[in-house]
Structure formats: C-alpha cells, structure tokens
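File shown here: query.txt, holding compact mmCIF, C-alpha atoms.
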# COMPACT_ATOMS: atom_id res chain seq x y z
CA GLY A 16 179.88 -40.67 43.75
CA LEU A 17 180.82 -37.19 44.94
CA GLN A 18 183.45 -36.72 47.65
CA ARG A 19 183.89 -33.32 49.30
CA LYS A 20 187.35 -33.24 50.83
CA PHE A 21 189.49 -30.63 52.53
CA GLY A 22 191.34 -29.03 49.65
CA GLU A 23 189.66 -30.83 46.76
CA VAL A 24 186.46 -32.28 45.36
CA THR A 25 186.46 -35.72 43.73
CA ILE A 26 183.80 -36.98 41.32
CA ALA A 27 183.89 -40.62 40.24
CA ARG A 28 183.37 -41.38 36.54
CA ASN A 29 184.18 -45.09 36.80
CA ASP A 30 185.54 -47.69 39.23
CA ARG A 31 188.68 -49.83 39.15
CA ALA A 32 186.73 -52.74 37.65
CA GLY A 33 185.52 -50.53 34.76
CA THR A 34 181.87 -51.38 35.31
CA VAL A 35 180.73 -48.13 33.66
CA PRO A 36 180.94 -48.36 29.84
CA GLU A 37 183.74 -46.15 28.54
CA PRO A 38 181.49 -44.08 26.20
CA GLU A 39 179.17 -43.26 29.11
CA SER A 40 182.14 -42.47 31.37
CA ARG A 41 183.60 -40.09 28.78
CA ARG A 42 180.23 -38.47 28.18
CA PHE A 43 179.92 -37.74 31.91
CA MET A 44 183.51 -36.39 32.02
CA ALA A 45 182.75 -34.04 29.11
CA ALA A 46 179.65 -32.75 30.91
CA VAL A 47 181.67 -32.06 34.06
CA ARG A 48 184.34 -30.24 32.04
CA GLN A 49 181.64 -28.04 30.51
CA VAL A 50 180.43 -27.03 33.97
CA LYS A 51 184.00 -26.21 35.02
CA GLN A 52 184.40 -24.09 31.89
CA VAL A 53 181.30 -22.08 32.83
CA VAL A 54 182.39 -21.63 36.46
CA ASP A 55 186.07 -20.92 35.71
CA PRO A 56 186.42 -19.96 32.02
CA ASP A 57 190.05 -18.78 32.21
CA GLY A 58 191.25 -21.66 34.43
CA SER A 59 192.68 -19.31 37.06
CA GLU A 60 190.76 -20.65 40.07
CA LEU A 61 190.31 -24.40 39.56
CA ASP A 62 192.59 -27.20 38.41
CA LEU A 63 191.15 -30.48 37.08
CA HIS A 64 192.97 -33.80 37.01
CA ASP A 65 191.59 -37.04 35.56
CA THR A 66 192.89 -40.23 37.21
CA GLY A 67 191.02 -42.53 34.83
CA CYS A 68 188.46 -43.33 37.52
CA ASP A 69 187.97 -39.98 39.26
CA LEU A 70 187.87 -36.30 38.34
CA GLU A 71 189.76 -34.31 40.99
CA PHE A 72 189.25 -30.55 41.41
CA TYR A 73 191.81 -28.41 43.21
CA PRO A 74 191.72 -24.70 44.04
CA ARG A 75 194.57 -22.70 42.55
CA ALA A 76 196.71 -20.59 44.86
CA PHE A 77 197.99 -17.12 44.08
CA GLY A 78 200.11 -17.16 40.94
CA GLY A 79 198.11 -20.02 39.40
CA GLN A 80 199.87 -22.81 41.30
CA SER A 81 197.64 -25.72 42.31
CA PHE A 82 197.08 -26.40 45.99
CA ASP A 83 197.61 -30.16 46.19
CA LYS A 84 197.97 -32.74 48.94
CA GLY A 85 201.67 -31.96 49.20
CA SER A 86 200.83 -28.32 49.89
CA GLY A 87 198.51 -29.49 52.66
CA LEU A 88 201.24 -31.67 54.14
CA LEU A 89 203.66 -28.73 54.25
CA CYS A 90 201.02 -26.56 55.96
CA LEU A 91 200.21 -29.24 58.55
CA ASP A 92 203.89 -29.83 59.31
CA LYS A 93 204.38 -26.12 59.94
CA LYS A 94 201.15 -25.60 61.90
CA LEU A 95 201.25 -28.74 64.05
CA GLN A 96 205.05 -29.01 64.30
CA LEU A 97 205.04 -32.61 63.11
CA HIS A 98 208.83 -32.60 62.55
CA ILE A 99 208.48 -34.56 59.33
CA ALA A 100 212.04 -33.59 58.45
CA ASP A 101 213.33 -35.83 61.24
CA GLY A 102 211.43 -38.97 60.18
CA PRO A 103 210.63 -41.78 60.17
CA ASN A 104 207.56 -41.23 57.98
CA LEU A 105 205.03 -43.48 56.25
CA ILE A 106 203.06 -42.34 53.21
CA CYS A 107 200.20 -44.34 51.74
CA GLY A 108 198.47 -43.53 48.47
CA ASP A 109 196.43 -44.90 45.61
CA ALA A 110 196.12 -42.04 43.11
CA PRO A 111 198.38 -39.77 41.03
CA SER A 112 197.52 -36.85 43.33
CA ASP A 113 199.12 -38.75 46.24
CA ILE A 114 202.57 -38.53 44.62
CA SER A 115 202.68 -34.89 45.75
CA LEU A 116 202.77 -36.23 49.33
CA ILE A 117 205.98 -38.12 48.54
CA VAL A 118 207.56 -35.04 46.96
CA ALA A 119 206.55 -32.78 49.85
CA ALA A 120 207.91 -35.21 52.46
CA LEU A 121 211.20 -35.46 50.54
CA ARG A 122 211.45 -31.65 50.40
CA LEU A 123 211.17 -31.51 54.18
CA MET A 124 213.58 -34.41 54.76
CA CYS A 125 216.16 -33.76 52.02
CA GLY A 126 215.85 -30.09 51.06
CA ASP A 127 214.41 -28.32 48.03
CA ARG A 128 217.63 -28.27 46.01
CA MET A 129 218.14 -32.03 45.91
CA VAL A 130 214.45 -32.71 45.26
CA ASP A 131 214.58 -30.27 42.32
CA ILE A 132 217.56 -32.20 40.92
CA TRP A 133 215.72 -35.51 41.24
CA GLN A 134 212.66 -33.98 39.60
CA GLU A 135 214.77 -32.89 36.63
CA ARG A 136 216.11 -36.43 36.27
CA ILE A 137 212.58 -37.85 36.25
CA LEU A 138 211.52 -35.30 33.63
CA HIS A 139 214.57 -36.30 31.57
CA GLU A 140 213.46 -39.95 31.74
CA GLU A 141 210.02 -38.95 30.52
CA ASP A 142 211.21 -36.70 27.70
CA PRO A 143 214.95 -37.08 26.94
CA GLU A 144 214.67 -35.11 23.68
CA GLN A 145 213.31 -32.03 25.44
CA SER A 146 216.13 -32.18 27.99
CA LEU A 147 218.69 -32.39 25.20
CA ASP A 148 217.11 -29.38 23.48
CA ASP A 149 217.40 -27.38 26.71
CA GLU A 150 221.06 -28.35 27.05
CA ASP A 151 221.70 -27.24 23.46
CA VAL A 152 220.15 -23.85 24.18
CA GLU A 153 222.35 -23.44 27.24
CA ARG A 154 225.44 -24.30 25.22
CA ILE A 155 224.50 -21.79 22.55
CA GLU A 156 224.03 -19.04 25.11
CA GLU A 157 227.42 -19.67 26.75
CA PRO A 158 230.17 -17.30 25.53
CA ASP A 159 232.96 -18.99 23.59
CA GLU A 160 235.99 -17.70 25.45
CA GLN A 161 239.55 -18.87 24.93
CA LEU A 162 240.93 -19.96 28.31
CA SER A 163 244.60 -20.17 29.18
CA GLU A 164 246.02 -23.48 30.37
CA GLU A 165 246.15 -22.16 33.95
CA ASP A 166 242.54 -20.99 33.79
CA MET A 167 241.49 -24.31 32.32
CA GLU A 168 243.14 -26.23 35.18
CA GLN A 169 241.48 -23.94 37.71
CA GLN A 170 238.12 -24.49 36.04
CA LEU A 171 238.59 -28.27 36.13
CA ARG A 172 239.52 -28.15 39.83
CA GLU A 173 236.44 -26.08 40.64
CA GLU A 174 234.26 -28.42 38.63
CA ALA A 175 235.68 -31.45 40.45
CA GLU A 176 235.09 -29.76 43.82
CA ARG A 177 231.52 -28.85 42.85
CA LYS A 178 230.82 -32.40 41.72
CA GLY A 179 232.25 -33.79 44.95
CA GLU A 180 230.07 -31.45 47.03
CA GLU A 181 226.97 -32.45 45.04
CA GLU A 182 227.72 -36.15 45.50
CA GLU A 183 228.15 -35.66 49.24
CA GLU A 184 224.93 -33.63 49.42
CA GLU A 185 223.05 -36.36 47.55
CA ARG A 186 224.52 -39.06 49.81
CA ALA A 187 223.28 -37.18 52.88
CA ALA A 188 219.88 -36.62 51.26
CA ARG A 189 219.48 -40.32 50.41
CA GLN A 190 220.45 -41.23 53.96
CA ALA A 191 217.69 -38.95 55.25
CA ALA A 192 215.15 -40.26 52.71
CA ALA A 193 215.84 -43.84 53.83
CA ARG A 194 213.60 -42.98 56.80
CA LEU A 195 210.63 -42.58 54.46
CA ALA A 196 208.47 -45.60 53.61
CA VAL A 197 205.94 -45.52 50.77
CA LEU A 198 203.06 -48.00 50.43
CA PHE A 199 201.21 -47.34 47.19
CA VAL A 200 198.12 -49.06 45.82
CA VAL A 201 198.31 -49.66 42.08
CA SER A 202 195.87 -51.90 40.24
CA ARG A 203 197.59 -54.89 38.67
CA LYS A 204 196.73 -53.87 35.11
CA ASN A 205 198.67 -50.61 35.55
CA VAL A 206 201.74 -52.04 37.29
CA ASN A 207 205.06 -52.33 35.51
CA TYR A 208 207.34 -54.19 37.90
CA ALA A 209 210.41 -53.46 35.78
CA ALA A 210 213.12 -51.22 37.19
CA ALA A 211 212.27 -47.54 37.16
CA THR A 212 215.47 -46.81 35.24
CA GLU A 213 214.32 -48.72 32.16
CA PRO A 214 213.23 -46.59 29.16
CA GLN A 215 209.63 -45.45 29.27
CA ALA A 216 207.28 -45.28 26.30
CA GLY A 217 205.63 -41.89 26.69
CA PRO A 218 204.63 -40.32 30.03
CA MET A 219 205.28 -42.40 33.14
CA GLN A 220 202.44 -44.35 34.66
CA VAL A 221 201.67 -43.83 38.35
CA ALA A 222 203.60 -46.91 39.49
CA ASP A 223 206.65 -45.96 37.41
CA ARG A 224 206.67 -42.43 38.80
CA VAL A 225 206.39 -43.65 42.39
CA LYS A 226 209.23 -46.12 41.82
CA ALA A 227 211.36 -43.44 40.16
CA TRP A 228 211.02 -41.05 43.11
CA CYS A 229 211.83 -43.77 45.63
CA LYS A 230 214.74 -45.15 43.61
CA LEU A 231 216.38 -41.74 43.19
CA SER A 232 215.85 -40.66 46.79
CA GLY A 233 216.52 -43.98 48.52
CA ALA A 234 213.07 -44.09 50.12
CA GLN A 235 211.60 -47.52 50.88
CA CYS A 236 208.87 -48.46 48.39
CA VAL A 237 206.27 -51.23 48.19
CA LEU A 238 203.51 -51.44 45.58
CA VAL A 239 200.40 -53.32 46.63
CA PRO A 240 197.60 -54.50 44.33
CA SER A 241 194.60 -53.35 46.37
CA SER A 242 193.44 -51.22 49.28
CA ASP A 243 192.69 -54.43 51.19
CA ALA A 244 196.35 -55.46 50.88
CA LEU A 245 197.40 -52.04 52.12
CA VAL A 246 195.14 -52.20 55.20
CA ALA A 247 196.28 -55.76 55.94
CA SER A 248 199.94 -54.66 55.75
CA LEU A 249 199.32 -51.78 58.15
CA ALA A 250 197.42 -54.06 60.53
CA CYS A 251 200.26 -56.60 60.47
CA TYR A 252 202.81 -53.88 61.26
CA ALA A 253 200.68 -52.40 64.06
CA ASN A 254 200.17 -55.84 65.62
CA ARG A 255 203.87 -56.61 65.60
CA VAL A 256 204.82 -53.24 67.11
CA ALA A 257 202.10 -53.41 69.79
CA SER A 258 202.61 -57.14 70.43
CA LYS A 259 198.85 -57.49 70.33
CA SER A 260 195.98 -57.23 67.91
CA VAL A 261 195.00 -53.60 67.52
CA LEU A 262 191.49 -54.69 66.57
CA SER A 263 190.68 -57.64 68.83
CA ARG A 264 192.05 -59.70 71.72
CA ARG A 265 195.61 -59.53 73.06
CA LEU A 266 198.12 -61.76 71.30
CA THR A 267 200.28 -64.32 73.08
CA LYS A 268 203.14 -66.45 71.80
CA SER A 269 200.76 -69.34 71.24
CA THR A 270 198.09 -67.21 69.56
CA PRO A 271 198.45 -67.02 65.78
CA MET A 272 198.06 -63.54 64.29
CA THR A 273 195.15 -63.38 61.88
CA TYR A 274 194.06 -60.37 59.87
Before anything else, please render the file you have as structure tokens.
Amino acid sequence: GLQRKFGEVTIARNDRAGTVPEPESRRFMAAVRQVKQVVDPDGSELDLHDTGCDLEFYPRAFGGQSFDKGSGLLCLDKKLQLHIADGPNLICGDAPSDISLIVAALRLMCGDRMVDIWQERILHEEDPEQSLDDEDVERIEEPDEQLSEEDMEQQLREEAERKGEEEEEERAARQAAARLAVLFVVSRKNVNYAAATEPQAGPMQVADRVKAWCKLSGAQCVLVPSSDALVASLACYANRVASKSVLSRRLTKSTPMTY
C-alpha cells in the first residue's frame, strides 16, 4: 500500500507476517530505488529508509539534513506552544523512524548537550573500535607539554570540577527525562529483552536502540509485541484516569473493566 503522510511517503514492500515472498519484495524495492534515482540522482532532495516492511521517503532540508518525525515534533512544539520541555510526555512508535521522536523530546526536556553525550555513548556501543580510533586521533593531535607539579595539580582540580558539573548536569537531565514514557511496538522476532548495556553484534536493532536511549536518559520504557497491545494499554490507562470507559458505558466499582 501507499501512504501519503505529512512529511513523508511510505510504500509497503511486505507485512509483519512476511506474506510477500522475499525475492518479490526485494524486486519491488529495487524498482522503487530506480525511480528515486531518476527523480533525485544526486540524493540531495530525498532520503530513503528501509524498515524491512516499508520504504519511507523523507524530504531533505537545507544542508542535506533529513526532515524526520523529530523535526516535525520540534516545529509543532514551537508553533503550538506544547511545552514539551515541562512534561509529562508519552511517545508511541512502531518503526525505526519513530526513534527520532524520542530523541527530539529528550532534546526539549534535557537539552542538546546531554542528548549529544548520550548519542555518542550509543554510537560507542554500536562501534567501539571506531570510537577508540577517534580517541587515538585526539591524543595524537594534543601537544605533549611538560607540566610543572603545580600546573598538574591545577589541571587535576579543574578536571575533577568539570566531571562533577557533568555528573550533576546528567542527574538533572535524567530527572527531567523520567517524565517521558515510551511505548514501542516491536515484533517478537526482533525483540532482544536483554539489557541494553550488553554487547551488540553489529548495528543495534530497533528494540535495542529504544532501550538504550531510555536506559541512558532515565525515560520510562515498555516494549509491546503488537499494535493491538499498544491500543489496549492506552485504553486501560485512559479508563483508569477517567474512571469510566472512554469507548462505552460509565464504569462503576462493581463493573469490571473490559477492553
């Protein structure tokens, strides 16, 4: 199916049950990529992301940066004065492109600097060797100066103060992020319920990346196996808050809540 959305176009090449044979799905994906190549040969206007089930097209902003769902969230917060920074906030998603919503919300709630630090840590988990190479380059570029004992002590004091300030900043950021709840739909075959800090083999899967962001930031995170489970969870929460069924008759103490 073809979905025309605000900010993107999604074309399905398979479903979660994999009912389309993989060779046919890949043939269709190749045909779509050929059309994109004709329309945007240098890749400066469109960005294409394959979720495994869908092909998602995004327009590129000035400078080649993709306009994603997180960009839309930032624009809506500014235009409608949603005060996302104050929380509490609930984000629901079921695709890799929805992770940008989590990142954007954290930027508003915790600040760009801390989110950039968390992003670097996630990238380090994905590719530790690359991170080590970058650190080696930085060490090579640093001048090898002989410091006096007094200068060394001063440097250590400044480093300790800087570390203390960073720890306090992260504590405040995690306290703010605790007002963010994430409900994410991940099909059972793609879920790794192990801790997000465990070593990853290659690039992170969607569930691992969602867990990593929530674990680092302190956001509340629940992975659900289907969209039906997500809707049922939201209905249960709405019923409890409203003390009645949001879809049917009013609830009483003797009336069981069914969903």
Between atom CA of A:Ser232 and atom CA of A:Cys125, distance in Å (one decimal):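 Distance between the two atoms: 8.7 Å.
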Nearby residues, (185.0, -35.5, 32.2) file frame, 10 Å, all atoms listed in the file, as JSON, numbers by chain: {"A": [26, 27, 28, 40, 41, 42, 43, 44, 45, 46, 47, 48, 49, 50, 51, 63, 64, 65, 67, 69, 70]}
Minimum-distance residue to A:Leu238, chosen among A:Asp109, A:Glu174, A:Glu144, A:Glu37 (using only C-alpha atoms): A:Asp109
Selected residue, from A:Leu262, A:Val225, A:Leu89, A:Val239, that lies nearest to A:Ser202 when counting only C-alpha atoms: A:Val239
One-decimal distance in Å that lies between atom CA of A:Arg189 and atom CA of A:Asn254: 29.1 Å
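Proximity to A:Glu184 was assessed for A:Ile132, A:Leu198, A:Cys251, A:Ile137 counting all atoms listed in the file; the smallest distance is recorded for A:Ile132.
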Test item: which residues lie within 10 Å of (205.1, -46.3, 41.7) counting only C-alpha atoms, as an NGL selection string: :A and (108-109 or 111 or 114 or 197-201 or 205-208 or 211 or 219-230 or 236-239)
Atom pair atom CA of A:Gly102 / atom CA of A:Gly87: separation (Å):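 Distance reported for this atom pair: 17.7 Å.
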Would you compute the box with edges along x, y and z of the file around stretch 188-193 of chain A, including every atom the file lists for it and 3 Å extra on each side, and give its centre and edge lengths in Å to one decimal, as AutoDock Vina command-line options?
--center_x 217.8 --center_y -40.2 --center_z 52.8 --size_x 11.3 --size_y 13.2 --size_z 10.8
Surrounding residues of A:Gln134 excluding itself and chain neighbours under 5 positions, 10 Å, all atoms listed in the file, as a list in words: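 Final neighbour list, sorted by chain and number: Val118, Arg128, Met129, His139, Glu140, Ala227, Trp228 and Leu231 of chain A.
The environment of A:Gly233 within 9 Å, counting only C-alpha atoms and disregarding residues fewer than 4 places along the same chain, consists of A:Ala188, A:Arg189, A:Gln190, A:Ala191, A:Ala192, A:Ala193, A:Arg194, A:Leu195, A:Trp228, A:Cys229.
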